[in-house]
Amino acid sequence: MKKNGSLSVLLKGLLKENPVFVLILGTCPTLATTTNVTGAFGMGIAALAVLVCSNILISLLRKVIPDNVRIPCYIVVIAGFVTIVQMIVQAFLPGLYEMLGVYLPLITVNCIILGRAEMFAGKNNVGKSALDGIGMGLGFTLALVVMATIREVLGNASFAGIEIGFLQNYKIEFLVKAPGGLLVYGCLIALVYVITRGKAPLKKSFSCAGCPNAANCQTGTCEAPAETVAETPAANSEEGGAQ
C-alpha cells in the first residue's frame, strides 16, 4: 500500500468526506448526543471502535460472505461489536452509559458503519479498511465534539459539565434544544461546504456494485448514458418538426 494512498484513505473522513457534515450520515445520534461534550466524545469513540473492528472483520470475510446475504451478515458483525462495546462502557463508565442511553446500542444501525462496510470494507483489503474505519471514526468524533462544544458552551454556559462563570447570564438555551441543534448542524454543514468549495460530495463517483437493483438495471451505470443525453434534444426537435 502506497504511503500517499494510505494517508488519503485515513484523512478523507476528517473533512473531504466527513460522514456528518459532507455525507450527512448518522444524523440521529449527532443531534441527540451533542448537548454535552462528554456524551458526544463518548459516542464518537464508541462508534470509532465499532467501525474499525467491523471494517477489519468484514474485510477479512469479504470473499466468504455470499453476496445475496451480505447486508444481514454485516449487521450481525456490527451488532456483535456493538454489544461488546456496550458491555465495556456499562462496566467501566456507568455514567457515560446512562448518558448515552438507547443511542449506544443503536450504533448497530448507524448508517455510517453499515455504509462503510458496504461501500469500502467489503471491497478492500484489511489495511485500507482499518484506515478507512479510523478516518471515518475520527471524522465522526470530531464532528460530534465540535457541534457539542458550540451547543454546550453557548447553550448551557459549560464545557464537559464544568460551568463557565462569565457566560452564566448569557445562555442561549435554544441551542440545547432540538431546533437549536438543527440550526447549529445546518450552519456547520454550510461552513464545511464553503471550506471544501462544494466539491467534496460532487467529486464522488459511484458504481452499481452495491446497488440492489443492479441485476435489473438496463443501463449498467448510475448515470444516464451519454448517447441518451445527446439524442434527447434531437429526438425532441424531430417530434416538434413532425407536429
# chains A, B, ... in the order shown; residues from 1 in each chain; ligands from 1

$ residues_around --residues "stretch 184-189 of chain A" --least-positions-apart "5" --cutoff "8 Å" --atoms "only C-alpha atoms" --output "short mmCIF file (atom, residue, chain, number, x, y, z; two decimals) with N, CA and C atoms, in the first residue's frame"
data_model
loop_
_atom_site.label_atom_id
_atom_site.label_comp_id
_atom_site.auth_asym_id
_atom_site.auth_seq_id
_atom_site.Cartn_x
_atom_site.Cartn_y
_atom_site.Cartn_z
N PHE A 21 -20.89 16.00 8.17
CA PHE A 21 -21.08 17.29 7.52
C PHE A 21 -21.06 17.24 5.99
N VAL A 22 -20.53 16.17 5.41
CA VAL A 22 -20.47 16.06 3.95
C VAL A 22 -21.40 14.96 3.44
N LEU A 31 -27.57 14.75 16.49
CA LEU A 31 -28.44 15.74 17.14
C LEU A 31 -28.73 15.38 18.59
N MET A 147 -19.67 20.17 17.33
CA MET A 147 -21.08 20.57 17.47
C MET A 147 -21.49 20.64 18.93
N ILE A 150 -20.09 23.87 20.69
CA ILE A 150 -20.88 25.07 20.38
C ILE A 150 -22.19 25.07 21.17
N ARG A 151 -22.88 23.95 21.17
CA ARG A 151 -24.19 23.88 21.82
C ARG A 151 -24.07 23.98 23.35
N LEU A 175 -30.23 26.63 21.94
CA LEU A 175 -29.24 25.81 21.24
C LEU A 175 -29.16 24.38 21.76
#

$ closest_atom_pairs --of "stretch 21-50 of chain A" --to "stretch 110-119 of chain A" --cutoff "10 Å" --atoms "only C-alpha atoms" --output "JSON lines"
{"residue": "A:Leu23", "atom": "CA", "partner": "A:Ile112", "partner_atom": "CA", "distance": 8.9}
{"residue": "A:Ile24", "atom": "CA", "partner": "A:Ile112", "partner_atom": "CA", "distance": 9.2}
{"residue": "A:Leu25", "atom": "CA", "partner": "A:Ile112", "partner_atom": "CA", "distance": 5.8}
{"residue": "A:Gly26", "atom": "CA", "partner": "A:Cys111", "partner_atom": "CA", "distance": 5.8}
{"residue": "A:Thr27", "atom": "CA", "partner": "A:Cys111", "partner_atom": "CA", "distance": 9.0}
{"residue": "A:Cys28", "atom": "CA", "partner": "A:Asn110", "partner_atom": "CA", "distance": 8.7}
{"residue": "A:Pro29", "atom": "CA", "partner": "A:Asn110", "partner_atom": "CA", "distance": 8.5}
{"residue": "A:Ala47", "atom": "CA", "partner": "A:Ile113", "partner_atom": "CA", "distance": 7.9}
{"residue": "A:Leu48", "atom": "CA", "partner": "A:Ile113", "partner_atom": "CA", "distance": 8.9}
{"residue": "A:Val50", "atom": "CA", "partner": "A:Ile113", "partner_atom": "CA", "distance": 7.8}

$ atom_distance --atom1 "atom CA of A:Leu96" --atom2 "atom CA of A:Ala40"
9.9 Å

$ atom_distance --atom1 "atom CA of A:Ile58" --atom2 "atom CA of A:Lys123"
9.4 Å

$ select_by_dssp --residues "stretch 20-179 of chain A" --states "strand (DSSP E or B)" --output "list in words"
Ser158, Phe159, Ile162 and Glu163 of chain A

$ write_last_selection --atoms "C-alpha atoms" --output "compact mmCIF listing (two decimals), in the first residue's frame"
# COMPACT_ATOMS: atom_id res chain seq x y z
CA SER A 158 -20.46 24.96 30.48
CA PHE A 159 -17.87 22.67 28.93
CA ILE A 162 -17.86 22.34 34.05
CA GLU A 163 -19.61 25.68 34.41

$ closest_atom_pairs --of "stretch 3-82 of chain A" --to "stretch 124-134 of chain A" --cutoff "7 Å" --atoms "only C-alpha atoms" --output "tab-separated table"
residue	atom	partner	partner_atom	distance
A:Ser6	CA	A:Lys128	CA	6.9
A:Val9	CA	A:Asp132	CA	5.6
A:Leu10	CA	A:Leu131	CA	5.1
A:Leu48	CA	A:Ile134	CA	6.5
A:Leu51	CA	A:Gly133	CA	5.3
A:Val52	CA	A:Gly133	CA	4.4
A:Asn55	CA	A:Ser129	CA	5.5
A:Ile56	CA	A:Val126	CA	5.4
A:Ser59	CA	A:Val126	CA	5.4
A:Leu60	CA	A:Val126	CA	6.4

$ write_last_selection --atoms "C-alpha atoms" --output "PDB file, in the first residue's frame"
ATOM      1  CA  SER A   6      -2.861   5.249   2.876  1.00  0.00           C
ATOM      2  CA  VAL A   9      -7.770   6.931   2.959  1.00  0.00           C
ATOM      3  CA  LEU A  10      -7.086   7.951   6.557  1.00  0.00           C
ATOM      4  CA  LEU A  48     -14.971   4.552  16.089  1.00  0.00           C
ATOM      5  CA  LEU A  51     -16.307   0.955  12.891  1.00  0.00           C
ATOM      6  CA  VAL A  52     -12.668  -0.137  12.935  1.00  0.00           C
ATOM      7  CA  ASN A  55     -14.371  -2.977   8.919  1.00  0.00           C
ATOM      8  CA  ILE A  56     -11.462  -5.307   9.680  1.00  0.00           C
ATOM      9  CA  SER A  59     -12.759  -7.158   5.002  1.00  0.00           C
ATOM     10  CA  LEU A  60     -11.338 -10.482   6.188  1.00  0.00           C
TER      11      LEU A  60
END

$ select_by_dssp --residues "stretch 16-205 of chain A" --states "alpha helix (DSSP H)" --output "number ranges by chain"
A: 27-32, 37-60, 70-92, 94-100, 111-116, 126-156, 178-195

$ write_last_selection --atoms "C-alpha atoms" --output "CSV table (one decimal), in the first residue's frame"
chain,number,residue,atom,x,y,z
A,27,THR,CA,-27.9,12.5,11.9
A,28,CYS,CA,-29.9,11.0,14.8
A,29,PRO,CA,-27.0,10.4,17.2
A,30,THR,CA,-25.5,13.7,16.0
A,31,LEU,CA,-28.4,15.7,17.1
A,32,ALA,CA,-29.2,13.7,20.2
A,37,VAL,CA,-19.2,17.4,25.1
A,38,THR,CA,-18.6,14.3,27.3
A,39,GLY,CA,-21.5,12.4,25.8
A,40,ALA,CA,-20.5,13.4,22.3
A,41,PHE,CA,-16.9,12.3,22.7
A,42,GLY,CA,-18.0,9.0,24.3
A,43,MET,CA,-20.4,8.3,21.4
A,44,GLY,CA,-17.7,9.2,18.9
A,45,ILE,CA,-15.1,6.9,20.4
A,46,ALA,CA,-17.7,4.0,20.8
A,47,ALA,CA,-18.6,4.4,17.1
A,48,LEU,CA,-15.0,4.6,16.1
A,49,ALA,CA,-14.2,1.3,17.9
A,50,VAL,CA,-17.1,-0.5,16.3
A,51,LEU,CA,-16.3,1.0,12.9
A,52,VAL,CA,-12.7,-0.1,12.9
A,53,CYS,CA,-13.4,-3.6,14.3
A,54,SER,CA,-16.3,-4.3,11.9
A,55,ASN,CA,-14.4,-3.0,8.9
A,56,ILE,CA,-11.5,-5.3,9.7
A,57,LEU,CA,-13.6,-8.4,10.2
A,58,ILE,CA,-15.8,-7.7,7.2
A,59,SER,CA,-12.8,-7.2,5.0
A,60,LEU,CA,-11.3,-10.5,6.2
A,70,ARG,CA,-24.1,-9.7,2.7
A,71,ILE,CA,-26.2,-7.0,4.4
A,72,PRO,CA,-27.6,-9.3,7.1
A,73,CYS,CA,-24.1,-10.6,7.7
A,74,TYR,CA,-22.7,-7.1,8.0
A,75,ILE,CA,-25.4,-6.2,10.6
A,76,VAL,CA,-24.7,-9.4,12.6
A,77,VAL,CA,-20.9,-8.5,12.7
A,78,ILE,CA,-21.7,-4.9,13.7
A,79,ALA,CA,-24.2,-5.9,16.3
A,80,GLY,CA,-21.6,-8.2,17.9
A,81,PHE,CA,-19.1,-5.5,18.3
A,82,VAL,CA,-21.7,-3.0,19.5
A,83,THR,CA,-22.7,-5.5,22.2
A,84,ILE,CA,-19.1,-5.8,23.3
A,85,VAL,CA,-18.6,-2.0,23.4
A,86,GLN,CA,-21.9,-1.6,25.3
A,87,MET,CA,-20.8,-4.1,27.9
A,88,ILE,CA,-17.4,-2.4,28.4
A,89,VAL,CA,-19.0,1.0,28.7
A,90,GLN,CA,-21.6,-0.3,31.2
A,91,ALA,CA,-18.9,-2.0,33.3
A,92,PHE,CA,-16.3,0.8,33.4
A,94,PRO,CA,-21.6,3.7,34.0
A,95,GLY,CA,-22.1,7.5,33.9
A,96,LEU,CA,-21.4,7.6,30.2
A,97,TYR,CA,-23.6,4.5,29.7
A,98,GLU,CA,-26.5,6.3,31.4
A,99,MET,CA,-25.8,9.5,29.5
A,100,LEU,CA,-25.9,7.8,26.0
A,111,CYS,CA,-25.7,4.4,8.5
A,112,ILE,CA,-22.0,5.4,8.8
A,113,ILE,CA,-20.9,2.0,9.9
A,114,LEU,CA,-23.1,-0.1,7.6
A,115,GLY,CA,-22.3,2.3,4.7
A,116,ARG,CA,-18.5,1.9,5.1
A,126,VAL,CA,-7.7,-5.3,5.7
A,127,GLY,CA,-5.1,-2.5,5.9
A,128,LYS,CA,-7.2,0.0,3.9
A,129,SER,CA,-10.4,-1.0,5.6
A,130,ALA,CA,-8.8,-0.4,9.0
A,131,LEU,CA,-7.5,3.1,7.9
A,132,ASP,CA,-10.9,3.9,6.5
A,133,GLY,CA,-12.6,3.0,9.8
A,134,ILE,CA,-10.1,5.1,11.8
A,135,GLY,CA,-10.5,8.1,9.5
A,136,MET,CA,-14.3,8.0,9.3
A,137,GLY,CA,-14.5,7.3,13.1
A,138,LEU,CA,-12.3,10.3,13.8
A,139,GLY,CA,-14.3,12.4,11.5
A,140,PHE,CA,-17.5,11.4,13.2
A,141,THR,CA,-16.0,12.1,16.6
A,142,LEU,CA,-14.6,15.4,15.5
A,143,ALA,CA,-18.0,16.5,14.1
A,144,LEU,CA,-19.8,15.5,17.3
A,145,VAL,CA,-17.3,17.3,19.6
A,146,VAL,CA,-17.3,20.5,17.6
A,147,MET,CA,-21.1,20.6,17.5
A,148,ALA,CA,-21.4,19.7,21.2
A,149,THR,CA,-18.9,22.4,22.1
A,150,ILE,CA,-20.9,25.1,20.4
A,151,ARG,CA,-24.2,23.9,21.8
A,152,GLU,CA,-23.0,23.3,25.4
A,153,VAL,CA,-20.8,26.4,25.7
A,154,LEU,CA,-23.4,28.8,24.3
A,155,GLY,CA,-26.5,27.0,25.4
A,156,ASN,CA,-25.5,25.7,28.9
A,178,ALA,CA,-33.8,20.1,19.1
A,179,PRO,CA,-34.4,23.2,16.9
A,180,GLY,CA,-31.2,24.7,18.1
A,181,GLY,CA,-29.3,21.5,17.3
A,182,LEU,CA,-30.7,21.6,13.7
A,183,LEU,CA,-29.6,25.3,13.4
A,184,VAL,CA,-26.1,24.5,14.5
A,185,TYR,CA,-25.9,21.4,12.3
A,186,GLY,CA,-27.1,23.4,9.3
A,187,CYS,CA,-24.6,26.2,9.9
A,188,LEU,CA,-21.7,23.7,10.2
A,189,ILE,CA,-22.7,21.9,7.0
A,190,ALA,CA,-22.7,25.2,5.2
A,191,LEU,CA,-19.3,26.1,6.7
A,192,VAL,CA,-17.8,22.8,5.5
A,193,TYR,CA,-19.4,23.3,2.1
A,194,VAL,CA,-17.6,26.7,1.8
A,195,ILE,CA,-14.3,25.3,3.0

$ atom_distance --atom1 "atom CA of A:Pro66" --atom2 "atom CA of A:Phe120"
16.4 Å

$ decode --residues "stretch 86-119 of chain A" --atoms "N, CA and C atoms" --output "PDB file, in the first residue's frame"
ATOM      1  N   GLN A  86     -20.828  -1.939  24.301  1.00  0.00           N
ATOM      2  CA  GLN A  86     -21.862  -1.581  25.264  1.00  0.00           C
ATOM      3  C   GLN A  86     -21.575  -2.183  26.642  1.00  0.00           C
ATOM      4  N   MET A  87     -21.156  -3.436  26.679  1.00  0.00           N
ATOM      5  CA  MET A  87     -20.848  -4.097  27.943  1.00  0.00           C
ATOM      6  C   MET A  87     -19.633  -3.466  28.622  1.00  0.00           C
ATOM      7  N   ILE A  88     -18.623  -3.085  27.829  1.00  0.00           N
ATOM      8  CA  ILE A  88     -17.429  -2.439  28.391  1.00  0.00           C
ATOM      9  C   ILE A  88     -17.782  -1.082  28.987  1.00  0.00           C
ATOM     10  N   VAL A  89     -18.559  -0.293  28.234  1.00  0.00           N
ATOM     11  CA  VAL A  89     -18.959   1.030  28.736  1.00  0.00           C
ATOM     12  C   VAL A  89     -19.808   0.896  29.993  1.00  0.00           C
ATOM     13  N   GLN A  90     -20.723  -0.053  30.001  1.00  0.00           N
ATOM     14  CA  GLN A  90     -21.585  -0.251  31.166  1.00  0.00           C
ATOM     15  C   GLN A  90     -20.783  -0.669  32.386  1.00  0.00           C
ATOM     16  N   ALA A  91     -19.744  -1.459  32.187  1.00  0.00           N
ATOM     17  CA  ALA A  91     -18.945  -1.960  33.310  1.00  0.00           C
ATOM     18  C   ALA A  91     -17.979  -0.914  33.855  1.00  0.00           C
ATOM     19  N   PHE A  92     -17.346  -0.145  32.971  1.00  0.00           N
ATOM     20  CA  PHE A  92     -16.282   0.753  33.410  1.00  0.00           C
ATOM     21  C   PHE A  92     -16.656   2.233  33.391  1.00  0.00           C
ATOM     22  N   LEU A  93     -17.676   2.601  32.622  1.00  0.00           N
ATOM     23  CA  LEU A  93     -18.104   4.001  32.540  1.00  0.00           C
ATOM     24  C   LEU A  93     -19.620   4.089  32.683  1.00  0.00           C
ATOM     25  N   PRO A  94     -20.138   3.725  33.849  1.00  0.00           N
ATOM     26  CA  PRO A  94     -21.601   3.706  34.023  1.00  0.00           C
ATOM     27  C   PRO A  94     -22.256   5.065  33.813  1.00  0.00           C
ATOM     28  N   GLY A  95     -21.545   6.139  34.159  1.00  0.00           N
ATOM     29  CA  GLY A  95     -22.091   7.480  33.947  1.00  0.00           C
ATOM     30  C   GLY A  95     -22.303   7.775  32.474  1.00  0.00           C
ATOM     31  N   LEU A  96     -21.308   7.425  31.671  1.00  0.00           N
ATOM     32  CA  LEU A  96     -21.423   7.616  30.222  1.00  0.00           C
ATOM     33  C   LEU A  96     -22.499   6.707  29.647  1.00  0.00           C
ATOM     34  N   TYR A  97     -22.599   5.492  30.194  1.00  0.00           N
ATOM     35  CA  TYR A  97     -23.611   4.544  29.724  1.00  0.00           C
ATOM     36  C   TYR A  97     -25.013   5.111  29.935  1.00  0.00           C
ATOM     37  N   GLU A  98     -25.252   5.701  31.096  1.00  0.00           N
ATOM     38  CA  GLU A  98     -26.549   6.308  31.381  1.00  0.00           C
ATOM     39  C   GLU A  98     -26.783   7.540  30.509  1.00  0.00           C
ATOM     40  N   MET A  99     -25.723   8.269  30.247  1.00  0.00           N
ATOM     41  CA  MET A  99     -25.848   9.491  29.452  1.00  0.00           C
ATOM     42  C   MET A  99     -26.230   9.181  27.998  1.00  0.00           C
ATOM     43  N   LEU A 100     -25.610   8.162  27.430  1.00  0.00           N
ATOM     44  CA  LEU A 100     -25.877   7.811  26.033  1.00  0.00           C
ATOM     45  C   LEU A 100     -27.196   7.079  25.871  1.00  0.00           C
ATOM     46  N   GLY A 101     -27.576   6.307  26.872  1.00  0.00           N
ATOM     47  CA  GLY A 101     -28.863   5.625  26.860  1.00  0.00           C
ATOM     48  C   GLY A 101     -29.045   4.729  25.651  1.00  0.00           C
ATOM     49  N   VAL A 102     -30.176   4.857  24.985  1.00  0.00           N
ATOM     50  CA  VAL A 102     -30.537   3.981  23.873  1.00  0.00           C
ATOM     51  C   VAL A 102     -29.663   4.206  22.648  1.00  0.00           C
ATOM     52  N   TYR A 103     -28.994   5.357  22.582  1.00  0.00           N
ATOM     53  CA  TYR A 103     -28.205   5.659  21.387  1.00  0.00           C
ATOM     54  C   TYR A 103     -26.932   4.825  21.294  1.00  0.00           C
ATOM     55  N   LEU A 104     -26.501   4.232  22.407  1.00  0.00           N
ATOM     56  CA  LEU A 104     -25.332   3.351  22.357  1.00  0.00           C
ATOM     57  C   LEU A 104     -25.632   2.052  21.608  1.00  0.00           C
ATOM     58  N   PRO A 105     -26.684   1.295  21.976  1.00  0.00           N
ATOM     59  CA  PRO A 105     -26.994   0.088  21.187  1.00  0.00           C
ATOM     60  C   PRO A 105     -27.443   0.401  19.763  1.00  0.00           C
ATOM     61  N   LEU A 106     -27.969   1.615  19.544  1.00  0.00           N
ATOM     62  CA  LEU A 106     -28.419   1.979  18.195  1.00  0.00           C
ATOM     63  C   LEU A 106     -27.265   2.228  17.222  1.00  0.00           C
ATOM     64  N   ILE A 107     -26.023   2.141  17.723  1.00  0.00           N
ATOM     65  CA  ILE A 107     -24.872   2.204  16.815  1.00  0.00           C
ATOM     66  C   ILE A 107     -24.960   1.082  15.788  1.00  0.00           C
ATOM     67  N   THR A 108     -25.648   0.002  16.167  1.00  0.00           N
ATOM     68  CA  THR A 108     -25.808  -1.144  15.259  1.00  0.00           C
ATOM     69  C   THR A 108     -26.381  -0.731  13.916  1.00  0.00           C
ATOM     70  N   VAL A 109     -27.328   0.194  13.922  1.00  0.00           N
ATOM     71  CA  VAL A 109     -27.979   0.599  12.676  1.00  0.00           C
ATOM     72  C   VAL A 109     -27.508   1.972  12.209  1.00  0.00           C
ATOM     73  N   ASN A 110     -26.358   2.407  12.716  1.00  0.00           N
ATOM     74  CA  ASN A 110     -25.804   3.682  12.277  1.00  0.00           C
ATOM     75  C   ASN A 110     -25.410   3.577  10.798  1.00  0.00           C
ATOM     76  N   CYS A 111     -25.916   4.485   9.992  1.00  0.00           N
ATOM     77  CA  CYS A 111     -25.681   4.433   8.547  1.00  0.00           C
ATOM     78  C   CYS A 111     -24.208   4.562   8.195  1.00  0.00           C
ATOM     79  N   ILE A 112     -23.437   5.233   9.036  1.00  0.00           N
ATOM     80  CA  ILE A 112     -22.015   5.395   8.756  1.00  0.00           C
ATOM     81  C   ILE A 112     -21.322   4.041   8.755  1.00  0.00           C
ATOM     82  N   ILE A 113     -21.586   3.244   9.783  1.00  0.00           N
ATOM     83  CA  ILE A 113     -20.899   1.960   9.932  1.00  0.00           C
ATOM     84  C   ILE A 113     -21.337   0.976   8.861  1.00  0.00           C
ATOM     85  N   LEU A 114     -22.638   0.850   8.649  1.00  0.00           N
ATOM     86  CA  LEU A 114     -23.126  -0.057   7.613  1.00  0.00           C
ATOM     87  C   LEU A 114     -22.710   0.422   6.226  1.00  0.00           C
ATOM     88  N   GLY A 115     -22.700   1.729   6.027  1.00  0.00           N
ATOM     89  CA  GLY A 115     -22.303   2.286   4.741  1.00  0.00           C
ATOM     90  C   GLY A 115     -20.847   2.008   4.414  1.00  0.00           C
ATOM     91  N   ARG A 116     -19.952   2.147   5.395  1.00  0.00           N
ATOM     92  CA  ARG A 116     -18.536   1.866   5.143  1.00  0.00           C
ATOM     93  C   ARG A 116     -18.303   0.379   4.925  1.00  0.00           C
ATOM     94  N   ALA A 117     -19.077  -0.446   5.620  1.00  0.00           N
ATOM     95  CA  ALA A 117     -18.960  -1.891   5.402  1.00  0.00           C
ATOM     96  C   ALA A 117     -19.344  -2.249   3.975  1.00  0.00           C
ATOM     97  N   GLU A 118     -20.415  -1.653   3.479  1.00  0.00           N
ATOM     98  CA  GLU A 118     -20.928  -1.963   2.147  1.00  0.00           C
ATOM     99  C   GLU A 118     -20.064  -1.344   1.052  1.00  0.00           C
ATOM    100  N   MET A 119     -19.679  -0.081   1.224  1.00  0.00           N
ATOM    101  CA  MET A 119     -19.005   0.643   0.154  1.00  0.00           C
ATOM    102  C   MET A 119     -17.487   0.502   0.173  1.00  0.00           C
TER     103      MET A 119
END
